[in-house]
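Everything below belongs to entry.txt, which stores compact mmCIF, C-alpha atoms.
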# COMPACT_ATOMS: atom_id res chain seq x y z
CA MET A 1 38.77 201.82 116.82
CA ASN A 2 40.71 204.32 114.69
CA ARG A 3 38.98 202.98 111.56
CA ILE A 4 35.64 203.68 113.17
CA ALA A 5 36.82 207.19 113.93
CA GLU A 6 37.95 207.67 110.33
CA ARG A 7 34.67 206.37 108.97
CA ALA A 8 32.80 208.64 111.34
CA SER A 9 34.55 211.71 109.96
CA GLY A 10 32.07 214.04 108.40
CA ALA A 11 32.54 217.29 106.60
CA ASP A 12 33.21 219.01 109.90
CA GLY A 13 35.57 216.26 111.09
CA PRO A 14 34.92 213.39 113.51
CA ASN A 15 32.98 213.91 116.68
CA ALA A 16 32.06 211.72 119.62
CA GLN A 17 28.39 211.48 118.63
CA SER A 18 29.12 210.14 115.14
CA VAL A 19 31.62 207.64 116.58
CA PHE A 20 29.03 206.44 119.08
CA GLN A 21 26.33 206.07 116.39
CA LEU A 22 28.60 204.17 114.01
CA ALA A 23 29.95 201.81 116.68
CA PHE A 24 26.40 201.16 117.90
CA ALA A 25 25.17 200.43 114.38
CA VAL A 26 28.03 198.03 113.62
CA THR A 27 27.76 196.14 116.92
CA ALA A 28 23.96 195.92 116.83
CA ARG A 29 24.16 193.79 113.66
CA LEU A 30 26.13 191.09 115.42
CA HIS A 31 24.29 187.98 116.63
CA ILE A 32 25.46 187.85 120.21
CA GLY A 33 22.56 186.17 122.00
CA ARG A 34 21.53 187.54 125.38
CA MET A 35 23.95 190.46 125.20
CA ARG A 36 22.26 191.73 122.03
CA ARG A 37 21.04 194.96 123.61
CA LEU A 38 23.72 195.64 126.19
CA LEU A 39 26.86 194.98 124.17
CA PRO A 40 26.30 197.63 121.44
CA ILE A 41 25.84 200.27 124.12
CA LEU A 42 29.00 199.18 125.94
CA VAL A 43 31.09 198.97 122.77
CA ALA A 44 29.81 202.27 121.47
CA SER A 45 30.49 203.96 124.81
CA ALA A 46 33.99 202.53 124.93
CA ALA A 47 34.64 203.68 121.36
CA CYS A 48 33.40 207.11 122.26
CA VAL A 49 35.59 207.37 125.35
CA ARG A 50 38.60 206.01 123.46
CA PHE A 51 38.00 208.48 120.64
CA GLU A 52 37.67 211.41 123.02
CA ALA A 53 40.79 210.38 124.93
CA HIS A 54 42.73 210.12 121.68
CA ALA A 55 41.49 213.49 120.52
CA ALA A 56 42.22 215.22 123.82
CA ALA A 57 45.61 213.63 124.58
CA CYS A 58 48.36 216.20 124.79
CA PRO A 59 51.63 214.62 125.95
CA ASP A 60 53.82 217.20 124.24
CA CYS A 61 52.10 220.43 123.36
CA PRO A 62 52.47 224.05 124.54
CA THR A 63 49.90 223.47 127.32
CA SER A 64 51.59 220.34 128.67
CA ARG A 65 54.99 222.04 128.55
CA ALA A 66 53.59 224.99 130.49
CA VAL A 67 52.10 222.60 133.06
CA SER A 68 55.45 220.83 133.49
CA ALA A 69 57.22 224.17 133.88
CA ILE A 70 54.77 225.28 136.58
CA VAL A 71 54.80 221.96 138.44
CA CYS A 72 58.60 221.61 138.35
CA GLY A 73 59.25 225.31 138.89
CA GLU A 74 59.73 227.17 142.13
CA GLY A 75 57.45 225.97 144.89
CA ILE A 76 57.65 222.31 143.91
CA TRP A 77 59.18 221.29 147.25
CA ARG A 78 56.67 223.33 149.22
CA ASN A 79 53.77 221.82 147.25
CA LEU A 80 55.25 218.34 147.61
CA ALA A 81 55.65 218.82 151.35
CA MET A 82 52.03 219.99 151.64
CA THR A 83 50.83 216.95 149.69
CA VAL A 84 52.90 214.50 151.73
CA ALA A 85 52.31 216.08 155.17
CA PRO A 86 49.03 214.24 156.00
CA PHE A 87 50.54 210.89 155.00
CA VAL A 88 53.55 211.43 157.27
CA ALA A 89 51.26 212.27 160.18
CA LEU A 90 49.07 209.24 159.42
CA GLY A 91 52.15 207.01 159.28
CA ILE A 92 53.15 208.10 162.78
CA VAL A 93 49.63 207.48 164.08
CA VAL A 94 49.50 203.97 162.56
CA TRP A 95 52.95 203.15 163.97
CA ARG A 96 51.66 204.10 167.42
CA LEU A 97 48.51 202.03 166.85
CA SER A 98 50.50 198.95 165.91
CA ARG A 99 52.19 199.05 169.33
CA ILE A 100 48.87 199.23 171.19
CA GLY A 101 47.92 195.74 170.08
CA ARG A 102 51.10 194.13 171.39
CA PRO A 103 50.71 191.81 174.34
CA PRO A 104 52.21 193.06 177.57
CA VAL A 105 55.67 191.70 178.31
CA ARG A 106 55.49 190.02 181.71
CA THR A 107 58.44 189.39 183.98
CA ALA A 108 57.51 185.72 184.36
CA ASP A 109 57.50 185.19 180.56
CA VAL A 110 60.91 186.84 180.17
CA ALA A 111 62.34 184.72 182.96
CA ALA A 112 60.87 181.55 181.43
CA THR A 113 62.35 182.43 178.02
CA ARG A 114 65.78 183.00 179.52
CA GLU A 115 65.68 179.71 181.40
CA SER A 116 64.83 177.76 178.28
CA MET B 1 47.72 172.51 172.28
CA GLU B 2 49.97 175.44 172.99
CA ARG B 3 49.38 178.73 174.72
CA SER B 4 50.68 181.73 172.81
CA PRO B 5 50.27 185.47 173.40
CA VAL B 6 47.75 187.30 171.20
CA ASN B 7 49.10 190.20 169.17
CA THR B 8 46.41 192.29 167.48
CA GLY B 9 48.83 195.11 166.54
CA PRO B 10 49.79 193.80 163.08
CA LEU B 11 46.13 193.33 162.05
CA ILE B 12 45.13 196.76 163.39
CA ALA B 13 48.05 198.49 161.64
CA ALA B 14 47.47 196.70 158.32
CA ALA B 15 43.71 197.29 158.22
CA THR B 16 44.09 200.88 159.39
CA LEU B 17 46.47 201.58 156.51
CA ILE B 18 44.00 200.02 154.06
CA GLY B 19 41.24 202.13 155.62
CA ILE B 20 43.37 205.26 155.18
CA GLY B 21 43.85 204.29 151.55
CA MET B 22 40.13 203.73 151.03
CA GLY B 23 39.32 207.08 152.64
CA GLY B 24 41.91 208.75 150.45
CA PHE B 25 40.52 207.17 147.31
CA VAL B 26 36.95 208.20 148.21
CA ASP B 27 38.19 211.76 148.67
CA GLY B 28 40.28 211.72 145.49
CA ILE B 29 37.81 209.95 143.23
CA VAL B 30 34.52 211.42 144.49
CA LEU B 31 35.46 214.94 145.63
CA HIS B 32 38.40 215.66 143.31
CA GLN B 33 37.35 213.92 140.11
CA LEU B 34 33.65 213.06 139.97
CA LEU B 35 32.17 216.05 141.79
CA GLN B 36 35.23 218.30 141.24
CA TRP B 37 34.49 220.25 144.40
CA HIS B 38 38.16 220.83 145.02
CA HIS B 39 41.63 219.83 143.89
CA MET B 40 44.81 219.32 145.87
CA LEU B 41 46.03 222.91 145.52
CA SER B 42 42.73 224.66 144.80
CA VAL B 43 43.52 227.66 147.02
CA PRO B 44 47.09 228.53 145.91
CA ILE B 45 46.31 227.57 142.27
CA PRO B 46 42.60 228.26 141.66
CA PRO B 47 41.37 225.93 138.88
CA THR B 48 39.84 228.64 136.73
CA ASP B 49 41.42 227.80 133.37
CA LEU B 50 42.76 224.74 131.56
CA LEU B 51 46.36 225.33 132.65
CA SER B 52 45.60 225.62 136.36
CA VAL B 53 43.23 222.65 136.20
CA LYS B 54 45.97 220.54 134.62
CA VAL B 55 48.51 221.66 137.23
CA ASN B 56 46.06 220.66 139.95
CA MET B 57 45.56 217.33 138.16
CA VAL B 58 49.27 216.62 138.56
CA TRP B 59 49.09 217.23 142.31
CA ASP B 60 45.88 215.20 142.51
CA GLY B 61 47.79 212.41 140.78
CA LEU B 62 50.58 212.62 143.37
CA PHE B 63 47.99 212.48 146.13
CA HIS B 64 46.53 209.34 144.53
CA ALA B 65 50.03 207.88 144.19
CA PHE B 66 50.71 208.29 147.91
CA THR B 67 47.27 206.87 148.69
CA TRP B 68 48.07 203.86 146.50
CA ILE B 69 51.40 203.35 148.31
CA VAL B 70 49.64 203.45 151.71
CA THR B 71 47.09 200.88 150.51
CA PHE B 72 49.83 198.66 149.10
CA ILE B 73 51.81 198.75 152.36
CA GLY B 74 48.59 197.89 154.19
CA LEU B 75 48.06 194.86 151.94
CA LEU B 76 51.64 193.69 152.48
CA LEU B 77 51.27 194.02 156.26
CA LEU B 78 47.93 192.19 156.12
CA TRP B 79 49.56 189.35 154.17
CA ARG B 80 52.34 189.13 156.76
CA ALA B 81 49.86 189.29 159.63
CA GLY B 82 47.88 186.42 158.10
CA GLN B 83 50.97 184.22 158.18
CA ARG B 84 51.58 184.71 161.90
CA ASN B 85 50.14 182.35 164.47
CA ASP B 86 49.92 184.97 167.21
CA VAL B 87 47.74 187.38 165.18
CA PRO B 88 44.00 186.66 165.45
CA LEU B 89 42.14 187.15 162.15
CA SER B 90 39.16 188.82 163.79
CA THR B 91 36.54 190.23 161.41
CA ARG B 92 35.48 192.75 164.04
CA ILE B 93 39.01 194.06 164.52
CA PHE B 94 39.54 194.16 160.75
CA ALA B 95 36.32 196.06 160.02
CA GLY B 96 36.88 198.38 162.98
CA SER B 97 40.41 199.14 161.82
CA LEU B 98 39.17 199.91 158.30
CA ALA B 99 36.69 202.43 159.74
CA LEU B 100 39.38 203.79 162.06
CA GLY B 101 41.72 204.30 159.10
CA TRP B 102 39.10 206.08 157.03
CA GLY B 103 38.22 208.30 159.97
CA LEU B 104 41.88 209.04 160.69
CA PHE B 105 42.36 210.05 157.08
CA ASN B 106 39.45 212.50 157.22
CA VAL B 107 40.53 214.02 160.53
CA VAL B 108 44.26 214.27 159.81
CA GLU B 109 43.83 215.40 156.21
CA GLY B 110 41.05 217.77 157.24
CA LEU B 111 43.06 219.35 160.04
CA ILE B 112 46.32 219.66 158.07
CA ASP B 113 45.14 220.47 154.53
CA HIS B 114 41.87 222.29 155.24
CA GLN B 115 42.55 224.07 158.54
CA LEU B 116 46.32 224.32 159.06
CA LEU B 117 47.74 224.73 155.53
CA GLY B 118 44.49 225.85 153.90
CA ILE B 119 45.48 224.44 150.49
CA HIS B 120 41.92 223.41 149.71
CA HIS B 121 38.47 223.14 151.28
CA VAL B 122 35.86 220.41 150.90
CA HIS B 123 33.32 222.66 149.17
CA PRO B 124 34.73 226.16 148.62
CA GLY B 125 32.43 229.15 148.67
CA ALA B 126 29.55 229.98 150.92
CA GLY B 127 29.47 227.70 153.94
CA GLN B 128 32.87 226.17 153.30
CA LEU B 129 33.59 226.03 157.04
CA ALA B 130 30.44 223.94 157.57
CA TRP B 131 31.56 221.48 154.89
CA ASP B 132 35.04 221.29 156.45
CA VAL B 133 33.59 220.71 159.91
CA GLY B 134 31.19 218.10 158.53
CA PHE B 135 34.14 216.29 156.94
CA LEU B 136 35.95 216.29 160.31
CA LEU B 137 32.86 215.16 162.22
CA PHE B 138 32.27 212.29 159.79
CA GLY B 139 35.88 211.26 160.34
CA ALA B 140 35.56 211.52 164.11
CA ALA B 141 32.40 209.36 164.02
CA LEU B 142 34.24 206.70 162.01
CA ILE B 143 37.13 206.77 164.51
CA VAL B 144 34.77 206.29 167.46
CA ALA B 145 32.85 203.48 165.74
CA GLY B 146 36.04 201.82 164.54
CA TRP B 147 37.75 202.02 167.92
CA ALA B 148 34.67 200.57 169.64
CA ALA B 149 34.67 197.63 167.21
CA ILE B 150 38.40 197.06 167.76
CA LYS B 151 37.98 197.08 171.54
CA ARG B 152 35.12 194.60 171.32
CA GLY B 153 37.06 192.42 168.92
CA ARG B 154 40.10 192.42 171.19
CA SER B 155 38.03 191.48 174.21
CA GLU B 156 36.63 188.53 172.24
CA THR B 157 39.99 187.25 171.07
CA THR B 158 42.02 187.91 174.21
CA SER B 159 41.61 186.02 177.44
CA PRO B 160 41.95 187.88 180.76
CA GLY B 161 45.58 186.85 180.98
CA GLY B 162 46.34 188.17 177.51
CA LEU B 163 46.67 184.58 176.25
CA ARG B 164 44.73 182.47 173.80
CA ILE B 165 44.72 178.80 173.02
CA ALA B 166 46.43 178.29 169.67
CA ALA B 167 45.98 174.89 168.09
CA THR B 168 49.15 173.44 166.62
CA SER B 169 49.43 170.52 164.26
CA ALA B 170 52.40 168.98 166.08
Please rewrite the model in this file as structure tokens.
Amino acid sequence: MNRIAERASGADGPNAQSVFQLAFAVTARLHIGRMRRLLPILVASAACVRFEAHAAACPDCPTSRAVSAIVCGEGIWRNLAMTVAPFVALGIVVWRLSRIGRPPVRTADVAATRES
Amino acid sequence: MERSPVNTGPLIAAATLIGIGMGGFVDGIVLHQLLQWHHMLSVPIPPTDLLSVKVNMVWDGLFHAFTWIVTFIGLLLLWRAGQRNDVPLSTRIFAGSLALGWGLFNVVEGLIDHQLLGIHHVHPGAGQLAWDVGFLLFGAALIVAGWAAIKRGRSETTSPGGLRIAATSA
């Protein structure tokens, strides 16, 4: 996929459109039977997405460091609590629901269990 | 043949959790990511530039993580319920519980996040209250429909004495 991106580099550098066109052209030459029309589109789209993801990835850059600082800075516990709050409430509701479906415990059953 | 008490609780709890997860994923995938109507913390951190969008993406990711955990717990409980002889594998109860879970998610998340905490709204801007109310009403409708299906399913699988005939191989 990276070779396709390199080959697609023009004077202004690689772009998603040139990657798509090149991947489509290469795949369309393959003899792949019934998938002859669909496969080039799929492969070219995947190459395009992969290329864009590679170009946009920013695991360690000033923006990502600023994001980490904001997320982990003051207010993290408040934000975390606000995100978790609905799930805690839903957990309580489901716990109550699980008890609704239980069969009623009858005195006769308890007595029979004890006797056995 | 052996008579054993019917226990629908494990199936209801498991399917409800899966329904909550499905409702959460619909919200997260459709409203947060595809349509981008709102993010988890749209109100305190308005997504107006790249930095604030990326911060909101982190909180969206945490929301998805919790939703995934809920779904996973639901699957585990469903697996355990399927191994028990006293739990009826009723399609009606299962489908009703899925709808109940989705509806519960909408109502609880809508009340807490949209109304109580106000950290985001379904469709901010003009008429945001109508969108929020519509979200709640859709959830309430799912709860009513789901609960009705569960009740009908329980009446089908439970005899008047709360017992069912369970075939045993012994």
Please produce, as JSON lines, a per-residue contact table for chain B versus chain A (criterion: any atom at most 9 Å away, all atoms listed in the file considered), showing the nearest atom pair and its distance in Å to one decimal, sorted by chain then residue number.
{"residue": "B:Pro5", "atom": "CA", "partner": "A:Pro103", "partner_atom": "CA", "distance": 6.4}
{"residue": "B:Val6", "atom": "CA", "partner": "A:Pro103", "partner_atom": "CA", "distance": 6.2}
{"residue": "B:Asn7", "atom": "CA", "partner": "A:Arg102", "partner_atom": "CA", "distance": 4.9}
{"residue": "B:Thr8", "atom": "CA", "partner": "A:Gly101", "partner_atom": "CA", "distance": 4.6}
{"residue": "B:Gly9", "atom": "CA", "partner": "A:Gly101", "partner_atom": "CA", "distance": 3.7}
{"residue": "B:Pro10", "atom": "CA", "partner": "A:Ser98", "partner_atom": "CA", "distance": 5.9}
{"residue": "B:Leu11", "atom": "CA", "partner": "A:Ser98", "partner_atom": "CA", "distance": 8.1}
{"residue": "B:Ile12", "atom": "CA", "partner": "A:Ser98", "partner_atom": "CA", "distance": 6.3}
{"residue": "B:Ala13", "atom": "CA", "partner": "A:Ser98", "partner_atom": "CA", "distance": 4.9}
{"residue": "B:Ala14", "atom": "CA", "partner": "A:Ser98", "partner_atom": "CA", "distance": 8.5}
{"residue": "B:Thr16", "atom": "CA", "partner": "A:Val94", "partner_atom": "CA", "distance": 7.0}
{"residue": "B:Leu17", "atom": "CA", "partner": "A:Val94", "partner_atom": "CA", "distance": 7.2}
{"residue": "B:Ile20", "atom": "CA", "partner": "A:Leu90", "partner_atom": "CA", "distance": 8.1}
{"residue": "B:Met40", "atom": "CA", "partner": "A:Thr83", "partner_atom": "CA", "distance": 7.5}
{"residue": "B:Leu41", "atom": "CA", "partner": "A:Asn79", "partner_atom": "CA", "distance": 8.0}
{"residue": "B:Leu50", "atom": "CA", "partner": "A:Thr63", "partner_atom": "CA", "distance": 8.4}
{"residue": "B:Leu51", "atom": "CA", "partner": "A:Val67", "partner_atom": "CA", "distance": 6.4}
{"residue": "B:Ser52", "atom": "CA", "partner": "A:Val67", "partner_atom": "CA", "distance": 7.9}
{"residue": "B:Lys54", "atom": "CA", "partner": "A:Val67", "partner_atom": "CA", "distance": 6.7}
{"residue": "B:Val55", "atom": "CA", "partner": "A:Val67", "partner_atom": "CA", "distance": 5.6}
{"residue": "B:Asn56", "atom": "CA", "partner": "A:Val71", "partner_atom": "CA", "distance": 9.0}
{"residue": "B:Val58", "atom": "CA", "partner": "A:Val71", "partner_atom": "CA", "distance": 7.7}
{"residue": "B:Trp59", "atom": "CA", "partner": "A:Thr83", "partner_atom": "CA", "distance": 7.6}
{"residue": "B:Asp60", "atom": "CA", "partner": "A:Thr83", "partner_atom": "CA", "distance": 8.9}
{"residue": "B:Leu62", "atom": "CA", "partner": "A:Thr83", "partner_atom": "CA", "distance": 7.7}
{"residue": "B:Phe63", "atom": "CA", "partner": "A:Thr83", "partner_atom": "CA", "distance": 6.4}
{"residue": "B:Phe66", "atom": "CA", "partner": "A:Phe87", "partner_atom": "CA", "distance": 7.6}
{"residue": "B:Thr67", "atom": "CA", "partner": "A:Phe87", "partner_atom": "CA", "distance": 8.2}
{"residue": "B:Val70", "atom": "CA", "partner": "A:Phe87", "partner_atom": "CA", "distance": 8.2}
{"residue": "B:Gly101", "atom": "CA", "partner": "A:Val94", "partner_atom": "CA", "distance": 8.5}
{"residue": "B:Leu104", "atom": "CA", "partner": "A:Leu90", "partner_atom": "CA", "distance": 7.3}
{"residue": "B:Phe105", "atom": "CA", "partner": "A:Leu90", "partner_atom": "CA", "distance": 7.2}
{"residue": "B:Val108", "atom": "CA", "partner": "A:Pro86", "partner_atom": "CA", "distance": 6.1}
{"residue": "B:Glu109", "atom": "CA", "partner": "A:Pro86", "partner_atom": "CA", "distance": 5.3}
{"residue": "B:Gly110", "atom": "CA", "partner": "A:Pro86", "partner_atom": "CA", "distance": 8.8}
{"residue": "B:Leu111", "atom": "CA", "partner": "A:Pro86", "partner_atom": "CA", "distance": 8.8}
{"residue": "B:Ile112", "atom": "CA", "partner": "A:Pro86", "partner_atom": "CA", "distance": 6.4}
{"residue": "B:Asp113", "atom": "CA", "partner": "A:Met82", "partner_atom": "CA", "distance": 7.5}
{"residue": "B:Leu117", "atom": "CA", "partner": "A:Met82", "partner_atom": "CA", "distance": 7.5}
{"residue": "B:Ile119", "atom": "CA", "partner": "A:Met82", "partner_atom": "CA", "distance": 8.0}
{"residue": "B:Arg154", "atom": "CA", "partner": "A:Gly101", "partner_atom": "CA", "distance": 8.6}
{"residue": "B:Gly162", "atom": "CA", "partner": "A:Pro103", "partner_atom": "CA", "distance": 6.5}
{"residue": "B:Leu163", "atom": "CA", "partner": "A:Pro103", "partner_atom": "CA", "distance": 8.5}
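Taking CA of Val53 (chain B) and CA of Trp37 (chain B) as endpoints, the distance between them is 12.2 Å.
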query: For Leu100 (chain B), which residue out of B:Ile143, B:Ala148, B:Ile29, B:Ile18 is the nearest one, using only C-alpha atoms?
result: B:Ile143
task: Could you give me, as a list in words, the residues within 7 Å of region 121-138 of chain B, counting all atoms listed in the file and dropping anything in the same chain fewer than 4 positions from it?
output: Trp37, His38, Asn106, Val107, Gly110, His114 and Leu142 of chain B
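When CA of Ser155 (chain B) is paired with CA of Ser90 (chain B), their separation reads 10.8 Å.
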message: I'd like the neighbourhood of Gly19 (chain B) as a PyMOL selection string, where a residue qualifies if any of its atoms comes within 8 Å (using all atoms listed in the file), though same-chain residues fewer than 6 positions away should be ignored.
response: chain B and resi 71+97-102
query: By how many Å are CA of Gly96 (chain B) and CA of Ala15 (chain B) apart?
result: 8.4 Å
Fill-in result for region 23-57 of chain B, N, CA and C atoms as a PDB file, in the frame of the given file:
ATOM      1  N   GLY B  23      39.797 205.709 152.401  1.00  0.00           N
ATOM      2  CA  GLY B  23      39.320 207.080 152.640  1.00  0.00           C
ATOM      3  C   GLY B  23      39.930 208.058 151.666  1.00  0.00           C
ATOM      4  N   GLY B  24      41.226 207.868 151.402  1.00  0.00           N
ATOM      5  CA  GLY B  24      41.910 208.750 150.450  1.00  0.00           C
ATOM      6  C   GLY B  24      41.353 208.608 149.051  1.00  0.00           C
ATOM      7  N   PHE B  25      41.056 207.372 148.663  1.00  0.00           N
ATOM      8  CA  PHE B  25      40.520 207.170 147.310  1.00  0.00           C
ATOM      9  C   PHE B  25      39.096 207.717 147.195  1.00  0.00           C
ATOM     10  N   VAL B  26      38.303 207.600 148.250  1.00  0.00           N
ATOM     11  CA  VAL B  26      36.950 208.200 148.210  1.00  0.00           C
ATOM     12  C   VAL B  26      37.076 209.706 148.027  1.00  0.00           C
ATOM     13  N   ASP B  27      37.972 210.321 148.795  1.00  0.00           N
ATOM     14  CA  ASP B  27      38.190 211.760 148.670  1.00  0.00           C
ATOM     15  C   ASP B  27      38.652 212.110 147.253  1.00  0.00           C
ATOM     16  N   GLY B  28      39.694 211.402 146.796  1.00  0.00           N
ATOM     17  CA  GLY B  28      40.280 211.720 145.490  1.00  0.00           C
ATOM     18  C   GLY B  28      39.337 211.459 144.340  1.00  0.00           C
ATOM     19  N   ILE B  29      38.666 210.305 144.370  1.00  0.00           N
ATOM     20  CA  ILE B  29      37.810 209.950 143.230  1.00  0.00           C
ATOM     21  C   ILE B  29      36.499 210.741 143.259  1.00  0.00           C
ATOM     22  N   VAL B  30      35.857 210.785 144.433  1.00  0.00           N
ATOM     23  CA  VAL B  30      34.520 211.420 144.490  1.00  0.00           C
ATOM     24  C   VAL B  30      34.637 212.947 144.505  1.00  0.00           C
ATOM     25  N   LEU B  31      35.434 213.480 145.457  1.00  0.00           N
ATOM     26  CA  LEU B  31      35.460 214.940 145.630  1.00  0.00           C
ATOM     27  C   LEU B  31      36.351 215.648 144.610  1.00  0.00           C
ATOM     28  N   HIS B  32      37.498 215.005 144.258  1.00  0.00           N
ATOM     29  CA  HIS B  32      38.400 215.660 143.310  1.00  0.00           C
ATOM     30  C   HIS B  32      37.969 215.467 141.856  1.00  0.00           C
ATOM     31  N   GLN B  33      37.544 214.226 141.524  1.00  0.00           N
ATOM     32  CA  GLN B  33      37.350 213.920 140.110  1.00  0.00           C
ATOM     33  C   GLN B  33      35.882 213.911 139.678  1.00  0.00           C
ATOM     34  N   LEU B  34      35.040 213.160 140.416  1.00  0.00           N
ATOM     35  CA  LEU B  34      33.650 213.060 139.970  1.00  0.00           C
ATOM     36  C   LEU B  34      32.878 214.352 140.217  1.00  0.00           C
ATOM     37  N   LEU B  35      32.908 214.833 141.466  1.00  0.00           N
ATOM     38  CA  LEU B  35      32.170 216.050 141.790  1.00  0.00           C
ATOM     39  C   LEU B  35      32.982 217.312 141.466  1.00  0.00           C
ATOM     40  N   GLN B  36      34.317 217.168 141.498  1.00  0.00           N
ATOM     41  CA  GLN B  36      35.230 218.300 141.240  1.00  0.00           C
ATOM     42  C   GLN B  36      34.942 219.481 142.141  1.00  0.00           C
ATOM     43  N   TRP B  37      34.722 219.182 143.432  1.00  0.00           N
ATOM     44  CA  TRP B  37      34.490 220.250 144.400  1.00  0.00           C
ATOM     45  C   TRP B  37      35.791 220.972 144.716  1.00  0.00           C
ATOM     46  N   HIS B  38      36.855 220.208 144.765  1.00  0.00           N
ATOM     47  CA  HIS B  38      38.160 220.830 145.020  1.00  0.00           C
ATOM     48  C   HIS B  38      39.254 219.978 144.387  1.00  0.00           C
ATOM     49  N   HIS B  39      40.443 220.564 144.306  1.00  0.00           N
ATOM     50  CA  HIS B  39      41.630 219.830 143.890  1.00  0.00           C
ATOM     51  C   HIS B  39      42.675 219.988 144.989  1.00  0.00           C
ATOM     52  N   MET B  40      43.805 219.340 144.814  1.00  0.00           N
ATOM     53  CA  MET B  40      44.810 219.320 145.870  1.00  0.00           C
ATOM     54  C   MET B  40      45.259 220.737 146.248  1.00  0.00           C
ATOM     55  N   LEU B  41      45.526 221.555 145.245  1.00  0.00           N
ATOM     56  CA  LEU B  41      46.030 222.910 145.520  1.00  0.00           C
ATOM     57  C   LEU B  41      45.035 223.957 145.002  1.00  0.00           C
ATOM     58  N   SER B  42      43.775 223.769 145.312  1.00  0.00           N
ATOM     59  CA  SER B  42      42.730 224.660 144.800  1.00  0.00           C
ATOM     60  C   SER B  42      42.907 226.102 145.269  1.00  0.00           C
ATOM     61  N   VAL B  43      43.409 226.289 146.498  1.00  0.00           N
ATOM     62  CA  VAL B  43      43.520 227.660 147.020  1.00  0.00           C
ATOM     63  C   VAL B  43      44.730 228.389 146.442  1.00  0.00           C
ATOM     64  N   PRO B  44      45.954 227.808 146.495  1.00  0.00           N
ATOM     65  CA  PRO B  44      47.090 228.530 145.910  1.00  0.00           C
ATOM     66  C   PRO B  44      47.018 228.598 144.379  1.00  0.00           C
ATOM     67  N   ILE B  45      46.431 227.578 143.733  1.00  0.00           N
ATOM     68  CA  ILE B  45      46.310 227.570 142.270  1.00  0.00           C
ATOM     69  C   ILE B  45      44.842 227.368 141.922  1.00  0.00           C
ATOM     70  N   PRO B  46      44.039 228.420 141.938  1.00  0.00           N
ATOM     71  CA  PRO B  46      42.600 228.260 141.660  1.00  0.00           C
ATOM     72  C   PRO B  46      42.353 227.669 140.275  1.00  0.00           C
ATOM     73  N   PRO B  47      41.583 226.590 140.177  1.00  0.00           N
ATOM     74  CA  PRO B  47      41.370 225.930 138.880  1.00  0.00           C
ATOM     75  C   PRO B  47      40.352 226.672 138.021  1.00  0.00           C
ATOM     76  N   THR B  48      40.765 227.808 137.496  1.00  0.00           N
ATOM     77  CA  THR B  48      39.840 228.640 136.730  1.00  0.00           C
ATOM     78  C   THR B  48      40.063 228.561 135.228  1.00  0.00           C
ATOM     79  N   ASP B  49      41.194 227.995 134.803  1.00  0.00           N
ATOM     80  CA  ASP B  49      41.420 227.800 133.370  1.00  0.00           C
ATOM     81  C   ASP B  49      42.074 226.431 133.150  1.00  0.00           C
ATOM     82  N   LEU B  50      42.248 226.071 131.890  1.00  0.00           N
ATOM     83  CA  LEU B  50      42.760 224.740 131.560  1.00  0.00           C
ATOM     84  C   LEU B  50      44.130 224.494 132.195  1.00  0.00           C
ATOM     85  N   LEU B  51      44.998 225.494 132.133  1.00  0.00           N
ATOM     86  CA  LEU B  51      46.360 225.330 132.650  1.00  0.00           C
ATOM     87  C   LEU B  51      46.355 225.031 134.147  1.00  0.00           C
ATOM     88  N   SER B  52      45.617 225.821 134.900  1.00  0.00           N
ATOM     89  CA  SER B  52      45.600 225.620 136.360  1.00  0.00           C
ATOM     90  C   SER B  52      44.888 224.326 136.735  1.00  0.00           C
ATOM     91  N   VAL B  53      43.886 223.940 135.941  1.00  0.00           N
ATOM     92  CA  VAL B  53      43.230 222.650 136.200  1.00  0.00           C
ATOM     93  C   VAL B  53      44.212 221.514 135.989  1.00  0.00           C
ATOM     94  N   LYS B  54      45.011 221.612 134.904  1.00  0.00           N
ATOM     95  CA  LYS B  54      45.970 220.540 134.620  1.00  0.00           C
ATOM     96  C   LYS B  54      47.087 220.500 135.656  1.00  0.00           C
ATOM     97  N   VAL B  55      47.503 221.649 136.160  1.00  0.00           N
ATOM     98  CA  VAL B  55      48.510 221.660 137.230  1.00  0.00           C
ATOM     99  C   VAL B  55      47.940 220.982 138.476  1.00  0.00           C
ATOM    100  N   ASN B  56      46.702 221.304 138.792  1.00  0.00           N
ATOM    101  CA  ASN B  56      46.060 220.660 139.950  1.00  0.00           C
ATOM    102  C   ASN B  56      45.904 219.163 139.728  1.00  0.00           C
ATOM    103  N   MET B  57      45.675 218.766 138.457  1.00  0.00           N
ATOM    104  CA  MET B  57      45.560 217.330 138.160  1.00  0.00           C
ATOM    105  C   MET B  57      46.841 216.597 138.494  1.00  0.00           C
TER     106      MET B  57
END
